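Heads up, the thing below is written out as structure tokens.
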Amino acid sequence: MALKYRTRRSHGMCTEMFRGVLMLVNITLALGSLAIIGILGYTQAESTGHLTDVCHSCKSIIIFAIALFCTLFVFSMIGFCALYRRNTCLLLTYGFYLVIFFLGAMAITIVFVMVKNGKFDNRMEQVWDAAVGSSTENLCSLELDLKCSGWQTLCSDNETYLTNNTIGCPACDAQTTIAQYNQTCYNAINSNIDDYYNPIVITGFTLAGLAFLSIVVSYRVRRYNKNDDDEGGTYTRM
């Protein structure tokens, strides 16, 4: 009876195929993130001094976007290295961030759907009314950016806003301009939500699905590697 050495087991054709696809996805996301970071950085540098004149919130949005894509770059590189090297520590780190990403993508997408369906209308109105008395400049900037007036009642139709800035319309120097707008901020925000609803929901569920697939693949790769490390190759009788 002869003994034959059995080499490390294959991860399986499906696992290897998805591993290759996810490596390609991660390196594409990393390169894409670098490109977008460069574009955003250039835009901010070139637009400094004029950006706030056109869009009061754009500078903060660009900074947030740069931070977001820097995080995506690091995350994608960890994922690529983890899948390429099959390193247990990297796979565990990648898997941990994937779970957080999956839960975050699902939560944000579901909340966006709920906002679209009016589930937070009362809460949003309460937040607006509370901000009218404490964050007037921020609300005025928002109204100027969206070209809207008031929350659910136009400031031009609100007889008390000139003397009382707690009734849906913040008191600020730009209120004369704001009062000329013919749409409420509630309608303006919902109009923007309608414009981006389908792309955001499709993207959110797609990213959540991709994250779930990545979790499964990284788990299978890590499990096979652990079994191989424990066994270190075996002999079988022939």
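Residue numbers start at 1 in each chain; chains themselves are named A, B, ... in the order of the structure tokens; ligands are numbered from 1 in the order shown.
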Q | Residue contacts of region 214-218 of chain A (8 Å, only C-alpha atoms) excluding same-chain residues fewer than 3 positions away, as a PyMOL selection string | A | chain A and resi 15+18-19+22+83+91+94-95+98-99+210-211+221-222
Enumerate, in order of chain and increasing residue number, the residues of region 185-214 of chain A with an atom no farther than 10 Å from region 136-149 of chain A, each with its shortest atom pair and distance in Å to one decimal, counting only C-alpha atoms, as CSV.
residue,atom,partner,partner_atom,distance
A:Cys185,CA,A:Cys148,CA,4.9
A:Tyr186,CA,A:Cys148,CA,8.5
A:Asn187,CA,A:Cys148,CA,8.4
A:Ala188,CA,A:Cys148,CA,6.5
A:Ile189,CA,A:Leu146,CA,7.9
A:Asn192,CA,A:Leu146,CA,9.4
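The interatomic distance for the pair CA of Asn198 (chain A) and CA of Asn182 (chain A) works out to 26.5 Å.
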Q.
What parts of region 3-224 of chain A does DSSP call helix (DSSP H, G or I)? I'd like the answer as a ChimeraX atom specification.
A. /A:13-47,51-54,58-85,88-116,121-134,136-146,155-157,175-178,185-224
Mind checking which residues fall within 12 Å of region 29-36 of chain A, counting only C-alpha atoms, ignoring those fewer than 3 positions away in the same chain, and posting them as a compact mmCIF listing (two decimals) with N, CA, C and O atoms, in the first residue's frame?
# COMPACT_ATOMS: atom_id res chain seq x y z
N LEU A 22 -13.45 40.32 -7.73
CA LEU A 22 -13.38 41.29 -6.64
C LEU A 22 -12.03 41.99 -6.59
O LEU A 22 -11.95 43.16 -6.22
N MET A 23 -10.95 41.28 -6.94
CA MET A 23 -9.65 41.94 -7.03
C MET A 23 -9.68 43.03 -8.09
O MET A 23 -9.18 44.15 -7.87
N LEU A 24 -10.30 42.73 -9.23
CA LEU A 24 -10.42 43.73 -10.30
C LEU A 24 -11.29 44.90 -9.86
O LEU A 24 -10.95 46.06 -10.12
N VAL A 25 -12.39 44.62 -9.16
CA VAL A 25 -13.27 45.67 -8.67
C VAL A 25 -12.53 46.57 -7.69
O VAL A 25 -12.61 47.80 -7.75
N ASN A 26 -11.78 45.96 -6.77
CA ASN A 26 -11.07 46.74 -5.75
C ASN A 26 -9.98 47.63 -6.36
O ASN A 26 -9.84 48.79 -5.97
N ILE A 39 -9.26 65.29 -8.94
CA ILE A 39 -10.19 66.25 -9.56
C ILE A 39 -10.80 67.17 -8.51
O ILE A 39 -10.87 68.40 -8.70
N LEU A 40 -11.24 66.58 -7.38
CA LEU A 40 -11.84 67.39 -6.33
C LEU A 40 -10.83 68.36 -5.72
O LEU A 40 -11.16 69.52 -5.44
N GLY A 41 -9.60 67.88 -5.50
CA GLY A 41 -8.56 68.74 -4.96
C GLY A 41 -8.25 69.90 -5.89
O GLY A 41 -8.10 71.05 -5.46
N TYR A 42 -8.16 69.61 -7.18
CA TYR A 42 -7.91 70.67 -8.18
C TYR A 42 -9.06 71.66 -8.22
O TYR A 42 -8.84 72.88 -8.28
N THR A 43 -10.30 71.14 -8.17
CA THR A 43 -11.49 72.01 -8.19
C THR A 43 -11.51 72.95 -7.00
O THR A 43 -11.77 74.15 -7.13
N ILE A 62 -17.20 69.29 -0.81
CA ILE A 62 -15.98 68.82 -1.48
C ILE A 62 -15.02 68.22 -0.46
O ILE A 62 -14.43 67.16 -0.71
N ALA A 65 -16.33 64.90 0.49
CA ALA A 65 -16.15 63.94 -0.61
C ALA A 65 -14.71 63.47 -0.70
O ALA A 65 -14.44 62.29 -0.95
N ILE A 66 -13.75 64.38 -0.50
CA ILE A 66 -12.33 63.99 -0.53
C ILE A 66 -12.04 62.98 0.58
O ILE A 66 -11.36 61.96 0.36
N ALA A 67 -12.55 63.25 1.79
CA ALA A 67 -12.35 62.32 2.91
C ALA A 67 -12.99 60.97 2.61
O ALA A 67 -12.41 59.91 2.91
N LEU A 68 -14.18 61.00 2.00
CA LEU A 68 -14.89 59.76 1.67
C LEU A 68 -14.11 58.92 0.67
O LEU A 68 -13.94 57.71 0.85
N PHE A 69 -13.58 59.55 -0.39
CA PHE A 69 -12.86 58.81 -1.41
C PHE A 69 -11.47 58.39 -0.93
O PHE A 69 -10.94 57.38 -1.41
N CYS A 70 -10.88 59.13 0.02
CA CYS A 70 -9.63 58.66 0.63
C CYS A 70 -9.88 57.37 1.41
O CYS A 70 -9.08 56.43 1.35
N THR A 71 -11.00 57.35 2.14
CA THR A 71 -11.38 56.13 2.88
C THR A 71 -11.63 54.98 1.92
O THR A 71 -11.21 53.84 2.17
N LEU A 72 -12.33 55.26 0.81
CA LEU A 72 -12.61 54.22 -0.17
C LEU A 72 -11.32 53.70 -0.79
O LEU A 72 -11.18 52.49 -1.04
N PHE A 73 -10.34 54.57 -1.03
CA PHE A 73 -9.05 54.14 -1.59
C PHE A 73 -8.34 53.17 -0.64
O PHE A 73 -7.87 52.11 -1.06
N VAL A 74 -8.27 53.55 0.64
CA VAL A 74 -7.60 52.68 1.63
C VAL A 74 -8.33 51.35 1.74
O VAL A 74 -7.72 50.27 1.74
N PHE A 75 -9.66 51.41 1.81
CA PHE A 75 -10.49 50.20 1.91
C PHE A 75 -10.27 49.29 0.70
O PHE A 75 -10.13 48.06 0.84
N SER A 76 -10.24 49.87 -0.50
CA SER A 76 -10.07 49.08 -1.72
C SER A 76 -8.70 48.44 -1.79
O SER A 76 -8.56 47.29 -2.22
N MET A 77 -7.67 49.16 -1.36
CA MET A 77 -6.32 48.60 -1.38
C MET A 77 -6.18 47.46 -0.37
O MET A 77 -5.51 46.46 -0.65
N ILE A 78 -6.81 47.62 0.80
CA ILE A 78 -6.80 46.53 1.78
C ILE A 78 -7.48 45.30 1.19
O ILE A 78 -6.99 44.17 1.32
N GLY A 79 -8.61 45.52 0.52
CA GLY A 79 -9.33 44.41 -0.10
C GLY A 79 -8.52 43.72 -1.18
O GLY A 79 -8.47 42.48 -1.24
N PHE A 80 -7.88 44.51 -2.04
CA PHE A 80 -7.08 43.93 -3.11
C PHE A 80 -5.91 43.11 -2.53
O PHE A 80 -5.67 41.97 -2.96
N CYS A 81 -5.20 43.69 -1.58
CA CYS A 81 -4.04 42.99 -0.99
C CYS A 81 -4.49 41.74 -0.23
O CYS A 81 -3.80 40.71 -0.28
N LEU A 207 -24.13 48.07 -4.12
CA LEU A 207 -22.95 48.07 -3.25
C LEU A 207 -23.14 47.13 -2.06
O LEU A 207 -22.21 46.42 -1.66
